Structures are given as structure tokens and as C-alpha cells.
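Visitor: Quick one: this structure, given as C-alpha cells, is what I'll be asking you about.
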Amino acid sequence: MYEERPALLDGAVLWTRTAAAPAGAPAERPVLPDGCMDLIWADGHLLVAGPDTRAYVPGAFARRYAGIRFAPGDAPGFLGVPAHELRDRRVALGALWGEAEARRLGERIAAAADPAAALDAFVRRRAADAPAPDPLLRAVVAGLAAGRAVAETAGAVGLGARQLHRRSLDAFGYGPKTLARVLRLQRALALVGAGVPYAEAAVRAGCADQAHLARETRALAGTTLSAYAASVAGSGPAPVAESGPASANSETPLPSGSRTTA
């Protein structure tokens with residue numbers, strides 16, 4: 001069962017999942033790119049899911065999960081790592097903060113009566129000592145999420161194309177054009193999930209036409225529009241699928257925690 005609610009940290013989402021399938025079972029559906037990064041607690045393990053540029057297909061390894069999904073651009077300041085270093089990667093938190101610190105934190109959260117609430121409270125406390133989210137980058141996200149062109153968005157925040165690209169790599173993990181594509185697909189699939197006809201959803205989201213949306217869905221989500229619509233209609237709120245912990249020096253397949261899945 002998957003649930004989410006606003007986190008204590010401004011702009012973040014706290015999500016929880018109790019896996020129905022046994023550990024090692026294939027994931028039900030792939031997790032789609034959403035422009036976000038997550039800090040995830042999974043039965044005592046703490047992991048980070050970097051920003052995705054394509055659908056990610058994991059398999060379950062734990063029974064209980066809790067995660068904080070940061071707003072686009074907010075996680076790098078909290079984690080102390082540029083987003084592009086974690087692009088399309090899943091890593092143990094110990095690889096970023098040190099094994100001892102990550103282990104102690106994981107154990108404290110596991111010992112709490114409500115691990116999700118403990119993770120939520122920890123993130124808010126630590127964020128108070130981290131760099132504050134850059135309002136300029138939040139304006140970039142808002143502009144692109146509203147469907148504005150990259151050049152228009154850059155001009156509105158007073159940045160040149162190269163400046164925006166460089167800052168986007170650090171904040172989002174990829175350039176503004178990729179972020180715009182990801183956010184546009186999220187808009188379109190939300191409309192499709194709400195029952196809007198494909199052609200109308202494509203135009204309203206900012207695609208040239210239905211064929212354009214179909215290509216983007218295949219490229220970024222790894223599925224077709226009809227398959228996505230069927231998965232939403234058949235399962236209700238999408239679960240989150242997780243997979244395999246890793247050592248401090250290795251990667252582990254783990255999702256972003258996004259509720260938008262194929």
C-alpha cells in the first residue's frame with residue numbers, strides 16, 4: 001500500500017509504502033521521471049534516488065519504506081552533492097555522508113514508533129542548517145512546469161542560456177530542456193490519467209500533437225499511452241517499487257519515489 005502527504009519541509013512530500021510482494025519479487029510498474037530526488041528509508045537502510053531521465057524498473061527488497069521526495073532542485077543543497085552526480089543512479093546514503101553516520105541515522109529511524117514521522121522530522125531539522133532553496137531555481141521550475149519555453153524562462157529569471165544550463169545541471173541533474181520534457185510529460189500523463197483524450201491531453205500539456213506525446217511517452221516512460229492509461233485505470237493510486245540496497249561505494253537500483261508510474 002502506498003500513501004503520501006505533505007512533508008514538514010516546504011515543498012517536499014512524505015511517502016510510505018508497505019510492500020505486498022515478497023522481497024526480490026519483480027516491481028509492479030516502472031517509476032517515471034518526475035524531476036525530483038528522494039531520500040528513502042527501507043527497513044533500516046537509507047538510500048538516495050537521483051533524478052531520472054528515463055523510466056526505472058526496480059524490484060522489491062524490503063517490506064517497509066518511507067521516503068522524502070524533495071521538490072525539484074531542493075535535494076542537492078540538503079545532500080551536499082550536485083544533482084548531476086546522482087543522475088539515473090541509486091546510491092546508499094553512506095556513500096555521501098559516511099557509513100557510520102548513515103547507519104546511526106537508519107537505526108534511529110528504525111527504532112522510532114513511526115519511522116516515516118522520524119524521517120520527516122530529521123529532514124526538517126537538518127534542512128535548517130543546509131543552504132536554503134534558491135528562489136531563482138524555483139522560478140525556473142514554475143516557469144517550465146507552466147509550459148513556458150526554456151528561452152522565455154531563462155529571460156524571466158535573468159539568466160543566459162549557458163548560465164541556466166550550468167545551474168540546472170547542479171540543481172536538477174540535467175539541462176533545462178530535459179527538465180521541461182519531464183515536466184511536460186508529467187502534465188500530459190496526469191491529463192491522460194484523468195480521462196482526457198490523448199490528442200487533447202497532448203495539446204494542453206504543450207506537445208505538438210498526439211504523435212509527439214506518444215514519442216515522448218515511449219522515450220521517457222518506456223511505455224505507450226494506452227498502456228499507461230490502462231495501468232492507471234486498473235490500479236488506482238500508483239505504488240512505489242523499490243530494489244536492492246548497496247554498499248557505500250556501489251549503486252543500488254531504487255526508485256525516485258514518484259507516485260507517477262507506468
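Chain lettering (A, B, ...) mirrors the order of the C-alpha cells, residue numbering begins at 1 for each chain separately, and ligand numbering begins at 1 in order of display.
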So that I can check the secondary structure, give me every residue of stretch 145-228 of chain A assigned helix (DSSP H, G or I) by backbone DSSP, as a PyMOL selection string.
Guide: chain A and resi 145+150-157+161-172+176-193+198-205+210-221+225-228
Visitor: Could you build a table of the residues in stretch 141-188 of chain A lying no more than 7 Å from stretch 30-51 of chain A, giving for each the nearest pair of atoms and their separation in Å rounded to one decimal place, using only C-alpha atoms, ordered by chain and ascending residue number, as CSV?
Guide:
```
residue,atom,partner,partner_atom,distance
A:Phe172,CA,A:Gly35,CA,6.7
A:Gly173,CA,A:Pro51,CA,6.0
A:Leu179,CA,A:Gly35,CA,6.4
A:Val182,CA,A:Asp34,CA,6.1
A:Leu183,CA,A:Asp34,CA,6.6
A:Gln186,CA,A:Asp34,CA,6.8
```
Visitor: Could you pull out the residues in stretch 12-238 of chain A that DSSP calls strand (DSSP E) from the backbone, as a PyMOL selection string?
Guide: chain A and resi 13-18+37-42+45-49+64-70+90-92
Visitor: Please save N, CA, C and O atoms of the selected residues as a CSV table (one decimal), in the first residue's frame.
Guide:
```csv
chain,number,residue,atom,x,y,z
A,13,VAL,N,7.4,16.0,-0.2
A,13,VAL,CA,6.3,15.1,0.0
A,13,VAL,C,6.9,13.9,0.9
A,13,VAL,O,7.9,13.4,0.6
A,14,LEU,N,6.1,13.5,1.9
A,14,LEU,CA,6.5,12.3,2.6
A,14,LEU,C,5.6,11.2,2.1
A,14,LEU,O,4.4,11.3,2.0
A,15,TRP,N,6.3,10.1,1.7
A,15,TRP,CA,5.5,8.9,1.2
A,15,TRP,C,5.9,7.6,2.0
A,15,TRP,O,7.0,7.5,2.5
A,16,THR,N,5.0,6.7,2.1
A,16,THR,CA,5.2,5.4,2.7
A,16,THR,C,4.7,4.3,1.8
A,16,THR,O,3.8,4.5,1.0
A,17,ARG,N,5.3,3.2,1.9
A,17,ARG,CA,4.8,2.0,1.2
A,17,ARG,C,5.1,0.8,2.0
A,17,ARG,O,6.2,0.6,2.6
A,18,THR,N,4.1,-0.1,2.1
A,18,THR,CA,4.3,-1.4,2.6
A,18,THR,C,4.2,-2.4,1.5
A,18,THR,O,3.1,-2.4,0.8
A,37,MET,N,14.3,14.2,-6.5
A,37,MET,CA,15.2,13.3,-5.9
A,37,MET,C,14.6,12.9,-4.5
A,37,MET,O,13.8,13.7,-3.9
A,38,ASP,N,14.9,11.7,-4.0
A,38,ASP,CA,14.3,11.2,-2.8
A,38,ASP,C,15.4,10.7,-1.9
A,38,ASP,O,16.4,10.1,-2.3
A,39,LEU,N,15.1,10.9,-0.6
A,39,LEU,CA,15.9,10.2,0.5
A,39,LEU,C,14.9,9.1,1.0
A,39,LEU,O,13.8,9.4,1.4
A,40,ILE,N,15.4,7.9,1.0
A,40,ILE,CA,14.5,6.7,1.2
A,40,ILE,C,15.0,5.9,2.3
A,40,ILE,O,16.2,5.5,2.3
A,41,TRP,N,14.2,5.5,3.3
A,41,TRP,CA,14.4,4.6,4.4
A,41,TRP,C,13.7,3.3,4.0
A,41,TRP,O,12.5,3.3,3.7
A,42,ALA,N,14.5,2.2,4.0
A,42,ALA,CA,13.9,0.9,3.6
A,42,ALA,C,14.3,-0.2,4.6
A,42,ALA,O,15.5,-0.7,4.5
A,45,HIS,N,17.7,0.6,6.0
A,45,HIS,CA,18.7,1.1,5.0
A,45,HIS,C,18.3,2.6,4.6
A,45,HIS,O,17.1,2.8,4.4
A,46,LEU,N,19.3,3.4,4.4
A,46,LEU,CA,19.0,4.8,3.9
A,46,LEU,C,19.7,4.9,2.5
A,46,LEU,O,20.8,4.6,2.4
A,47,LEU,N,18.9,5.3,1.5
A,47,LEU,CA,19.4,5.4,0.2
A,47,LEU,C,18.9,6.7,-0.5
A,47,LEU,O,17.9,7.3,0.0
A,48,VAL,N,19.6,7.1,-1.5
A,48,VAL,CA,19.2,8.3,-2.3
A,48,VAL,C,18.9,7.9,-3.7
A,48,VAL,O,19.7,7.2,-4.3
A,49,ALA,N,17.8,8.4,-4.2
A,49,ALA,CA,17.4,8.2,-5.6
A,49,ALA,C,17.7,9.5,-6.3
A,49,ALA,O,17.1,10.5,-6.0
A,64,ARG,N,9.1,-2.5,4.5
A,64,ARG,CA,8.5,-1.2,4.8
A,64,ARG,C,9.4,-0.1,4.2
A,64,ARG,O,10.7,-0.2,4.3
A,65,TYR,N,8.8,0.9,3.6
A,65,TYR,CA,9.6,2.0,3.0
A,65,TYR,C,9.0,3.4,3.5
A,65,TYR,O,7.8,3.5,3.8
A,66,ALA,N,9.8,4.3,3.7
A,66,ALA,CA,9.4,5.7,3.9
A,66,ALA,C,10.4,6.6,3.1
A,66,ALA,O,11.6,6.3,3.1
A,67,GLY,N,9.8,7.6,2.5
A,67,GLY,CA,10.7,8.5,1.7
A,67,GLY,C,10.3,9.9,1.8
A,67,GLY,O,9.1,10.3,2.0
A,68,ILE,N,11.3,10.8,1.6
A,68,ILE,CA,11.0,12.2,1.4
A,68,ILE,C,11.3,12.5,-0.1
A,68,ILE,O,12.5,12.3,-0.5
A,69,ARG,N,10.4,13.0,-0.8
A,69,ARG,CA,10.6,13.4,-2.2
A,69,ARG,C,10.7,14.9,-2.2
A,69,ARG,O,9.8,15.7,-1.9
A,70,PHE,N,11.9,15.4,-2.5
A,70,PHE,CA,12.2,16.8,-2.5
A,70,PHE,C,11.6,17.5,-3.7
A,70,PHE,O,11.6,16.8,-4.8
A,90,ARG,N,21.1,5.2,-8.1
A,90,ARG,CA,20.6,4.9,-6.7
A,90,ARG,C,21.8,4.6,-5.9
A,90,ARG,O,22.5,3.6,-6.2
A,91,VAL,N,22.0,5.3,-4.8
A,91,VAL,CA,23.2,5.1,-4.0
A,91,VAL,C,22.8,5.0,-2.5
A,91,VAL,O,21.8,5.6,-2.1
A,92,ALA,N,23.6,4.3,-1.8
A,92,ALA,CA,23.5,4.3,-0.3
A,92,ALA,C,23.9,5.6,0.2
A,92,ALA,O,24.8,6.3,-0.2
```
Visitor: Might you pull out every residue within 12 Å of A:Arg204, with only C-alpha atoms counted and same-chain residues fewer than 3 positions away left off, and present them as a JSON list (two decimals) with N, CA, C and O atoms, in the first residue's frame?
Guide:
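The resulting result17.json:
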```json
[["chain", "number", "residue", "atom", "x", "y", "z"],
["A", 146, "ALA", "N", 4.77, 25.35, -16.05],
["A", 146, "ALA", "CA", 3.62, 26.03, -16.64],
["A", 146, "ALA", "C", 3.63, 25.95, -18.16],
["A", 146, "ALA", "O", 2.71, 26.45, -18.81],
["A", 147, "GLY", "N", 4.67, 25.36, -18.71],
["A", 147, "GLY", "CA", 4.73, 25.20, -20.16],
["A", 147, "GLY", "C", 5.47, 26.29, -20.89],
["A", 147, "GLY", "O", 5.43, 26.32, -22.13],
["A", 184, "ARG", "N", 6.65, 18.33, -18.81],
["A", 184, "ARG", "CA", 5.58, 18.31, -19.81],
["A", 184, "ARG", "C", 4.93, 16.93, -19.86],
["A", 184, "ARG", "O", 3.72, 16.80, -19.93],
["A", 185, "LEU", "N", 5.77, 15.88, -19.80],
["A", 185, "LEU", "CA", 5.21, 14.52, -19.79],
["A", 185, "LEU", "C", 4.37, 14.29, -18.55],
["A", 185, "LEU", "O", 3.30, 13.67, -18.63],
["A", 186, "GLN", "N", 4.82, 14.79, -17.41],
["A", 186, "GLN", "CA", 4.03, 14.65, -16.19],
["A", 186, "GLN", "C", 2.67, 15.33, -16.36],
["A", 186, "GLN", "O", 1.64, 14.78, -15.94],
["A", 187, "ARG", "N", 2.65, 16.52, -16.96],
["A", 187, "ARG", "CA", 1.37, 17.21, -17.19],
["A", 187, "ARG", "C", 0.47, 16.38, -18.09],
["A", 187, "ARG", "O", -0.72, 16.20, -17.83],
["A", 188, "ALA", "N", 1.05, 15.88, -19.17],
["A", 188, "ALA", "CA", 0.26, 15.13, -20.14],
["A", 188, "ALA", "C", -0.31, 13.84, -19.54],
["A", 188, "ALA", "O", -1.49, 13.53, -19.72],
["A", 189, "LEU", "N", 0.54, 13.11, -18.81],
["A", 189, "LEU", "CA", 0.07, 11.84, -18.26],
["A", 189, "LEU", "C", -0.95, 12.05, -17.14],
["A", 189, "LEU", "O", -1.82, 11.20, -16.93],
["A", 190, "ALA", "N", -0.84, 13.16, -16.44],
["A", 190, "ALA", "CA", -1.86, 13.47, -15.43],
["A", 190, "ALA", "C", -3.22, 13.68, -16.11],
["A", 190, "ALA", "O", -4.25, 13.23, -15.61],
["A", 191, "LEU", "N", -3.19, 14.34, -17.26],
["A", 191, "LEU", "CA", -4.44, 14.55, -18.01],
["A", 191, "LEU", "C", -4.96, 13.23, -18.56],
["A", 191, "LEU", "O", -6.17, 12.94, -18.48],
["A", 192, "VAL", "N", -4.07, 12.40, -19.11],
["A", 192, "VAL", "CA", -4.48, 11.09, -19.62],
["A", 192, "VAL", "C", -5.07, 10.25, -18.48],
["A", 192, "VAL", "O", -6.10, 9.59, -18.64],
["A", 196, "VAL", "N", -8.72, 12.47, -20.00],
["A", 196, "VAL", "CA", -8.71, 13.40, -21.12],
["A", 196, "VAL", "C", -8.24, 12.65, -22.38],
["A", 196, "VAL", "O", -7.26, 11.90, -22.31],
["A", 197, "PRO", "N", -8.90, 12.82, -23.51],
["A", 197, "PRO", "CA", -8.46, 12.14, -24.73],
["A", 197, "PRO", "C", -7.00, 12.47, -25.07],
["A", 197, "PRO", "O", -6.53, 13.57, -24.79],
["A", 198, "TYR", "N", -6.31, 11.51, -25.66],
["A", 198, "TYR", "CA", -4.88, 11.66, -25.90],
["A", 198, "TYR", "C", -4.54, 12.94, -26.68],
["A", 198, "TYR", "O", -3.61, 13.67, -26.31],
["A", 199, "ALA", "N", -5.25, 13.18, -27.76],
["A", 199, "ALA", "CA", -4.93, 14.35, -28.59],
["A", 199, "ALA", "C", -5.10, 15.64, -27.80],
["A", 199, "ALA", "O", -4.27, 16.56, -27.89],
["A", 200, "GLU", "N", -6.16, 15.74, -27.03],
["A", 200, "GLU", "CA", -6.40, 16.93, -26.22],
["A", 200, "GLU", "C", -5.36, 17.07, -25.12],
["A", 200, "GLU", "O", -4.85, 18.17, -24.85],
["A", 201, "ALA", "N", -5.02, 15.95, -24.47],
["A", 201, "ALA", "CA", -4.00, 15.99, -23.42],
["A", 201, "ALA", "C", -2.67, 16.45, -23.98],
["A", 201, "ALA", "O", -1.94, 17.22, -23.33],
["A", 207, "CYS", "N", 2.60, 19.60, -26.07],
["A", 207, "CYS", "CA", 3.14, 18.83, -27.18],
["A", 207, "CYS", "C", 2.55, 19.34, -28.50],
["A", 207, "CYS", "O", 1.47, 19.94, -28.52],
["A", 208, "ALA", "N", 3.25, 19.05, -29.60],
["A", 208, "ALA", "CA", 2.77, 19.50, -30.89],
["A", 208, "ALA", "C", 1.48, 18.78, -31.27],
["A", 208, "ALA", "O", 0.56, 19.40, -31.83],
["A", 209, "ASP", "N", 1.41, 17.50, -30.98],
["A", 209, "ASP", "CA", 0.23, 16.71, -31.32],
["A", 209, "ASP", "C", 0.31, 15.38, -30.57],
["A", 209, "ASP", "O", 1.24, 15.14, -29.79],
["A", 210, "GLN", "N", -0.66, 14.51, -30.84],
["A", 210, "GLN", "CA", -0.70, 13.23, -30.14],
["A", 210, "GLN", "C", 0.52, 12.38, -30.47],
["A", 210, "GLN", "O", 1.05, 11.67, -29.61],
["A", 213, "LEU", "N", 3.38, 13.40, -28.29],
["A", 213, "LEU", "CA", 3.22, 12.87, -26.94],
["A", 213, "LEU", "C", 3.52, 11.38, -26.89],
["A", 213, "LEU", "O", 4.16, 10.90, -25.94]]
```
Visitor: Could you list, with a cut-off of 9 Å and counting only C-alpha atoms, the residues of stretch 84-194 of chain A near stretch 7-12 of chain A, each shown with its nearest atom pair and the distance in Å rounded to one decimal, rows sorted by chain and ascending number, as a tab-separated table?
Guide:
```
residue	atom	partner	partner_atom	distance
A:Asp120	CA	A:Leu8	CA	6.3
A:Ala121	CA	A:Leu8	CA	7.0
A:Val123	CA	A:Leu9	CA	7.1
A:Arg124	CA	A:Leu9	CA	5.2
A:Arg125	CA	A:Leu9	CA	8.9
A:Ala127	CA	A:Leu9	CA	7.7
```
Visitor: Could you write out that same residue set with N, CA, C and O atoms as a tab-separated table (two decimals), in the first residue's frame?
Guide:
```tsv
chain	number	residue	atom	x	y	z
A	120	ASP	N	10.76	12.28	8.51
A	120	ASP	CA	10.23	13.61	8.21
A	120	ASP	C	10.83	14.66	9.14
A	120	ASP	O	11.28	15.73	8.71
A	121	ALA	N	10.85	14.36	10.44
A	121	ALA	CA	11.38	15.30	11.43
A	121	ALA	C	12.87	15.51	11.23
A	121	ALA	O	13.38	16.64	11.36
A	123	VAL	N	14.64	15.28	8.44
A	123	VAL	CA	14.89	16.09	7.24
A	123	VAL	C	14.62	17.57	7.53
A	123	VAL	O	15.40	18.44	7.12
A	124	ARG	N	13.55	17.86	8.26
A	124	ARG	CA	13.28	19.26	8.55
A	124	ARG	C	14.38	19.86	9.43
A	124	ARG	O	14.82	20.99	9.20
A	125	ARG	N	14.85	19.11	10.42
A	125	ARG	CA	15.90	19.63	11.30
A	125	ARG	C	17.19	19.87	10.53
A	125	ARG	O	17.82	20.93	10.66
A	127	ALA	N	17.61	20.28	7.33
A	127	ALA	CA	17.43	21.31	6.31
A	127	ALA	C	17.61	22.71	6.87
A	127	ALA	O	17.98	23.64	6.14
```
Visitor: Between atom CA of A:Leu93 and atom CA of A:Ala75, what is the distance, to one decimal in Å?
Guide: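 A separation of 12.8 Å between them.
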Visitor: Taking into account only C-alpha atoms, which residue in the set A:Gly143, A:Gly193, A:Gly94, A:Gly158 is nearest to A:Pro176?
Guide: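 Closest to A:Pro176 of all the choices is A:Gly143.
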Visitor: Excluding A:Ala171 and any residue of its chain fewer than 6 positions from it, enumerate the residues within 9 Å of it, using only C-alpha atoms, and give them as a ChimeraX atom specification.
Guide: /A:72-77,82-84,137
